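Peer 1: First the structure, then my questions, so here it is.
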Amino acid sequence: MSFLSKFALHFCLMSPFISRLSLYATVFIFVLQSCVPHRQFEDVKAARDTCEAQMKTYRAEYESFKAKEKEMGSRLSEQDKQISMLTRDTTSMGITYRRLTTSYDKLNQTYDQLLANNAALMKGKEDDNRELMGKFQMTQEELQKKEDRLRESEQALEKREAEVNKLSQELTAFEQELNSKEARVQELEGILARKDSTVSALFSKVENALLGFKDNGLSMSVKNGKVYVSLEERLLFASGSTDVDAKGVDALKKLSKVLENEKDINVLIEGHTDNVPIKSARMKDNWDLSVLRATSIVRILIGNSDVDPRIFTVAGRGEYFPIDPANTAEARKKNRRTEIILTPNLDELFKILETN
């Protein structure tokens, strides 16, 4: 490309916004075209086309820039208004700020004065505070001691309450046991009353049955809840004999009829002798004599009635349980006897005692 062509192209590129200059450049290029070779002309023409395309682009950008400039102008006007408003607000805030600063300074002065007054007041109250703190500490110590005593009292009270509860339980158990024992005592008293009533009735029955023998060596008594029928030797036996005579058999038969109707008694037959020794082919001593006489009596009682044999017990006491220990004929006469002891059945009483 020639120097003139380059200059014209450069001129077009540097002046995109001036249309008349662009036209002059084009005319200038056509003038030069008649003086340059064809190839150079083509280059210039291509450059011109490029320049025109860029001019269109620049025009579009120019129009866009103008629209933006207008928009920016509107925004700038709006911002100017806002700046004016802010300026007015800033002025108002400045006035308010100065007022607040003045008030703040006055408050600071007042606060400083209050601090000074408070320091003076605190200084004047230090002694009072120390005294109060001392009293407070003493009060706390006394309160702690009282709390300790109260805690000890509470523990002692709890211990006492536990003891009282235990004693209450024991008392309840004791009362229950006492009530049970009272019930058993009442039951025993009832049994004993029935036994006494039975003994009294039995005594009357036997006494009525043997009434005709009272003056013939028979005596009766009640001792320790038992009926004692004592038969002297002369009513039952000849001296040294174990055979009951007719008068004794009659008395025993009458007694057996009474025993036949008594279902709840036990009968003990005891033979007694004096202290005069006896010895024969049948008996070695007074033990044998006393036992054999008791056996003879029980056989008569059983053989002449429907009495249950299981109620009888036979015993021989020999000479060792005398009524009269004197060694006289009268005493020996008293000691030679047979005792029939009638005892109410106490099985019910014994059962209660065993369960107790």
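Just so we're on the same page: first chain in the structure tokens is A, next is B, and so on; residues restart at 1 for each chain, and ligands are numbered from 1 in the order they show up.
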How would you write, as a PyMOL selection string, the set of residues in range 143-330 of chain A that DSSP gives as strand (DSSP E or B)?

Peer 2: chain A and resi 218-223+226-232+237+244+265-272+312-318

Peer 1: Would you mind listing what lies within 10 Å of range 277-281 of chain A as a list in words, with only C-alpha atoms counted and same-chain residues fewer than 6 positions away left out?

Peer 2: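 My list of contacting residues is Gly240, Trp287, Asp288, Leu289 and Glu319 of chain A.
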
Peer 1: Keeping only C-alpha atoms, write the selected residues as a PDB file, in the first residue's frame.

Peer 2:
```pdb
ATOM      1  CA  GLY A 240     -55.255-108.514 155.731  1.00  0.00           C
ATOM      2  CA  TRP A 287     -47.304-102.550 148.642  1.00  0.00           C
ATOM      3  CA  ASP A 288     -48.853-105.761 147.374  1.00  0.00           C
ATOM      4  CA  LEU A 289     -51.771-105.474 149.785  1.00  0.00           C
ATOM      5  CA  GLU A 319     -48.014 -97.310 154.206  1.00  0.00           C
TER       6      GLU A 319
END
```

Peer 1: By how many Å are CA of Val227 in chain A and CA of Thr343 in chain A apart?

Peer 2: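 It comes out at 6.7 Å.
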
Peer 1: Given the choices A:Asn304, A:Ser256, A:Ser296, A:Gln137, which gets closest to Asp243 in chain A if the distance is worked out from only C-alpha atoms?

Peer 2: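 Of A:Asn304, A:Ser256, A:Ser296, A:Gln137, the one nearest Asp243 in chain A, counting only C-alpha atoms, is A:Ser296.
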
Peer 1: Please provide as a PyMOL selection string all residues within 12 Å of range 259-261 of chain A, with the sequence filter that same-chain residues fewer than 6 positions apart are discarded (counting only C-alpha atoms).

Peer 2: chain A and resi 202-203+205-206+209+252-253+267+298+301-309+311-312+340-344

Peer 1: Just the selected residues (N, CA and C atoms), exported as a PDB file, in the first residue's frame, please.

Peer 2:
```
ATOM      1  N   LEU A 202     -71.049 -83.637 140.471  1.00  0.00           N
ATOM      2  CA  LEU A 202     -70.595 -85.014 140.698  1.00  0.00           C
ATOM      3  C   LEU A 202     -70.584 -85.339 142.190  1.00  0.00           C
ATOM      4  N   PHE A 203     -70.129 -84.374 142.997  1.00  0.00           N
ATOM      5  CA  PHE A 203     -70.114 -84.585 144.449  1.00  0.00           C
ATOM      6  C   PHE A 203     -71.531 -84.859 144.964  1.00  0.00           C
ATOM      7  N   LYS A 205     -74.100 -86.020 143.278  1.00  0.00           N
ATOM      8  CA  LYS A 205     -74.589 -87.318 142.824  1.00  0.00           C
ATOM      9  C   LYS A 205     -73.994 -88.462 143.649  1.00  0.00           C
ATOM     10  N   VAL A 206     -72.687 -88.412 143.874  1.00  0.00           N
ATOM     11  CA  VAL A 206     -72.040 -89.486 144.651  1.00  0.00           C
ATOM     12  C   VAL A 206     -72.522 -89.456 146.087  1.00  0.00           C
ATOM     13  N   ALA A 209     -75.856 -90.989 146.212  1.00  0.00           N
ATOM     14  CA  ALA A 209     -75.820 -92.430 145.977  1.00  0.00           C
ATOM     15  C   ALA A 209     -75.297 -93.188 147.191  1.00  0.00           C
ATOM     16  N   LEU A 252     -70.053-100.072 146.357  1.00  0.00           N
ATOM     17  CA  LEU A 252     -69.356 -99.885 145.070  1.00  0.00           C
ATOM     18  C   LEU A 252     -70.327 -99.986 143.892  1.00  0.00           C
ATOM     19  N   LYS A 253     -71.329-100.847 143.989  1.00  0.00           N
ATOM     20  CA  LYS A 253     -72.319-100.933 142.910  1.00  0.00           C
ATOM     21  C   LYS A 253     -73.076 -99.626 142.755  1.00  0.00           C
ATOM     22  N   VAL A 267     -60.955 -91.674 136.968  1.00  0.00           N
ATOM     23  CA  VAL A 267     -61.098 -92.250 138.314  1.00  0.00           C
ATOM     24  C   VAL A 267     -59.763 -92.891 138.707  1.00  0.00           C
ATOM     25  N   VAL A 298     -61.687-101.985 141.575  1.00  0.00           N
ATOM     26  CA  VAL A 298     -61.964-101.584 140.197  1.00  0.00           C
ATOM     27  C   VAL A 298     -62.683-102.702 139.449  1.00  0.00           C
ATOM     28  N   LEU A 301     -66.330-102.341 140.280  1.00  0.00           N
ATOM     29  CA  LEU A 301     -66.932-101.187 139.608  1.00  0.00           C
ATOM     30  C   LEU A 301     -67.181-101.474 138.132  1.00  0.00           C
ATOM     31  N   ILE A 302     -66.238-102.117 137.464  1.00  0.00           N
ATOM     32  CA  ILE A 302     -66.382-102.406 136.040  1.00  0.00           C
ATOM     33  C   ILE A 302     -67.393-103.533 135.816  1.00  0.00           C
ATOM     34  N   GLY A 303     -67.378-104.539 136.700  1.00  0.00           N
ATOM     35  CA  GLY A 303     -68.215-105.720 136.488  1.00  0.00           C
ATOM     36  C   GLY A 303     -69.681-105.495 136.751  1.00  0.00           C
ATOM     37  N   ASN A 304     -70.043-104.442 137.411  1.00  0.00           N
ATOM     38  CA  ASN A 304     -71.448-104.226 137.763  1.00  0.00           C
ATOM     39  C   ASN A 304     -72.059-103.004 137.066  1.00  0.00           C
ATOM     40  N   SER A 305     -71.449-102.559 135.971  1.00  0.00           N
ATOM     41  CA  SER A 305     -71.988-101.394 135.239  1.00  0.00           C
ATOM     42  C   SER A 305     -71.383-101.364 133.838  1.00  0.00           C
ATOM     43  N   ASP A 306     -71.827-100.364 133.061  1.00  0.00           N
ATOM     44  CA  ASP A 306     -71.284-100.153 131.708  1.00  0.00           C
ATOM     45  C   ASP A 306     -70.218 -99.054 131.697  1.00  0.00           C
ATOM     46  N   VAL A 307     -69.523 -98.894 132.813  1.00  0.00           N
ATOM     47  CA  VAL A 307     -68.486 -97.860 132.904  1.00  0.00           C
ATOM     48  C   VAL A 307     -67.324 -98.220 131.966  1.00  0.00           C
ATOM     49  N   ASP A 308     -66.794 -97.225 131.276  1.00  0.00           N
ATOM     50  CA  ASP A 308     -65.655 -97.434 130.381  1.00  0.00           C
ATOM     51  C   ASP A 308     -64.407 -97.731 131.208  1.00  0.00           C
ATOM     52  N   PRO A 309     -63.772 -98.892 131.058  1.00  0.00           N
ATOM     53  CA  PRO A 309     -62.592 -99.233 131.875  1.00  0.00           C
ATOM     54  C   PRO A 309     -61.433 -98.268 131.687  1.00  0.00           C
ATOM     55  N   ILE A 311     -61.320 -95.191 131.975  1.00  0.00           N
ATOM     56  CA  ILE A 311     -61.273 -94.020 132.853  1.00  0.00           C
ATOM     57  C   ILE A 311     -60.599 -94.347 134.186  1.00  0.00           C
ATOM     58  N   PHE A 312     -60.268 -95.610 134.401  1.00  0.00           N
ATOM     59  CA  PHE A 312     -59.739 -96.027 135.705  1.00  0.00           C
ATOM     60  C   PHE A 312     -58.215 -96.104 135.701  1.00  0.00           C
ATOM     61  N   ILE A 340     -61.070 -93.279 146.451  1.00  0.00           N
ATOM     62  CA  ILE A 340     -61.504 -93.207 145.046  1.00  0.00           C
ATOM     63  C   ILE A 340     -61.567 -91.714 144.697  1.00  0.00           C
ATOM     64  N   ILE A 341     -60.706 -91.310 143.783  1.00  0.00           N
ATOM     65  CA  ILE A 341     -60.562 -89.880 143.432  1.00  0.00           C
ATOM     66  C   ILE A 341     -61.152 -89.661 142.049  1.00  0.00           C
ATOM     67  N   LEU A 342     -62.186 -88.820 141.994  1.00  0.00           N
ATOM     68  CA  LEU A 342     -62.892 -88.530 140.751  1.00  0.00           C
ATOM     69  C   LEU A 342     -62.424 -87.159 140.234  1.00  0.00           C
ATOM     70  N   THR A 343     -61.904 -87.156 139.024  1.00  0.00           N
ATOM     71  CA  THR A 343     -61.343 -85.917 138.447  1.00  0.00           C
ATOM     72  C   THR A 343     -62.015 -85.644 137.104  1.00  0.00           C
ATOM     73  N   PRO A 344     -62.552 -84.430 136.908  1.00  0.00           N
ATOM     74  CA  PRO A 344     -63.111 -84.088 135.583  1.00  0.00           C
ATOM     75  C   PRO A 344     -62.000 -84.161 134.521  1.00  0.00           C
TER      76      PRO A 344
END
```

Peer 1: Any idea what's packed within 10 Å of Ser241 in chain A, counting only C-alpha atoms, ignoring anything in its chain fewer than 4 positions away? Could you give it as a list in words?

Peer 2: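 What passes the distance filter is Glu233, Leu236, Phe237, Asp245, Leu289, Leu292 and Arg293 of chain A.
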
Peer 1: Could you tell me how far CA of Glu339 in chain A sits from CA of Val229 in chain A, in Å to one decimal place?

Peer 2: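 Calculated distance between CA of Val229 in chain A and CA of Glu339 in chain A is 5.6 Å.
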
Peer 1: Skip Lys333 in chain A itself and residues of its chain fewer than 5 positions away, then list as a list in words all residues within 9 Å of it, counting only C-alpha atoms.

Peer 2: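 With the cut-off at 9 Å, the set is Glu232, Glu233, Arg234, Thr273, Asp274 and Thr328 of chain A.
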
Peer 1: When distances are computed from only C-alpha atoms, which of A:Ala326, A:Gln144, A:Asp264, A:Gln169 shows the smallest separation from Arg194 in chain A?

Peer 2: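 Nearest candidate to Arg194 in chain A out of A:Ala326, A:Gln144, A:Asp264, A:Gln169: A:Asp264.
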
Peer 1: Between CA of Gln186 in chain A and CA of Tyr228 in chain A, what is the distance, to one decimal in Å?

Peer 2: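 Straight-line distance from CA of Gln186 in chain A to CA of Tyr228 in chain A works out to 27.7 Å.
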
Peer 1: Got a sec: who's within 12 Å of Asn216 in chain A, counting only C-alpha atoms, leaving out chain neighbours fewer than 3 positions off, as a PyMOL selection string?

Peer 2: chain A and resi 210-213+219+230-236+247-248+251
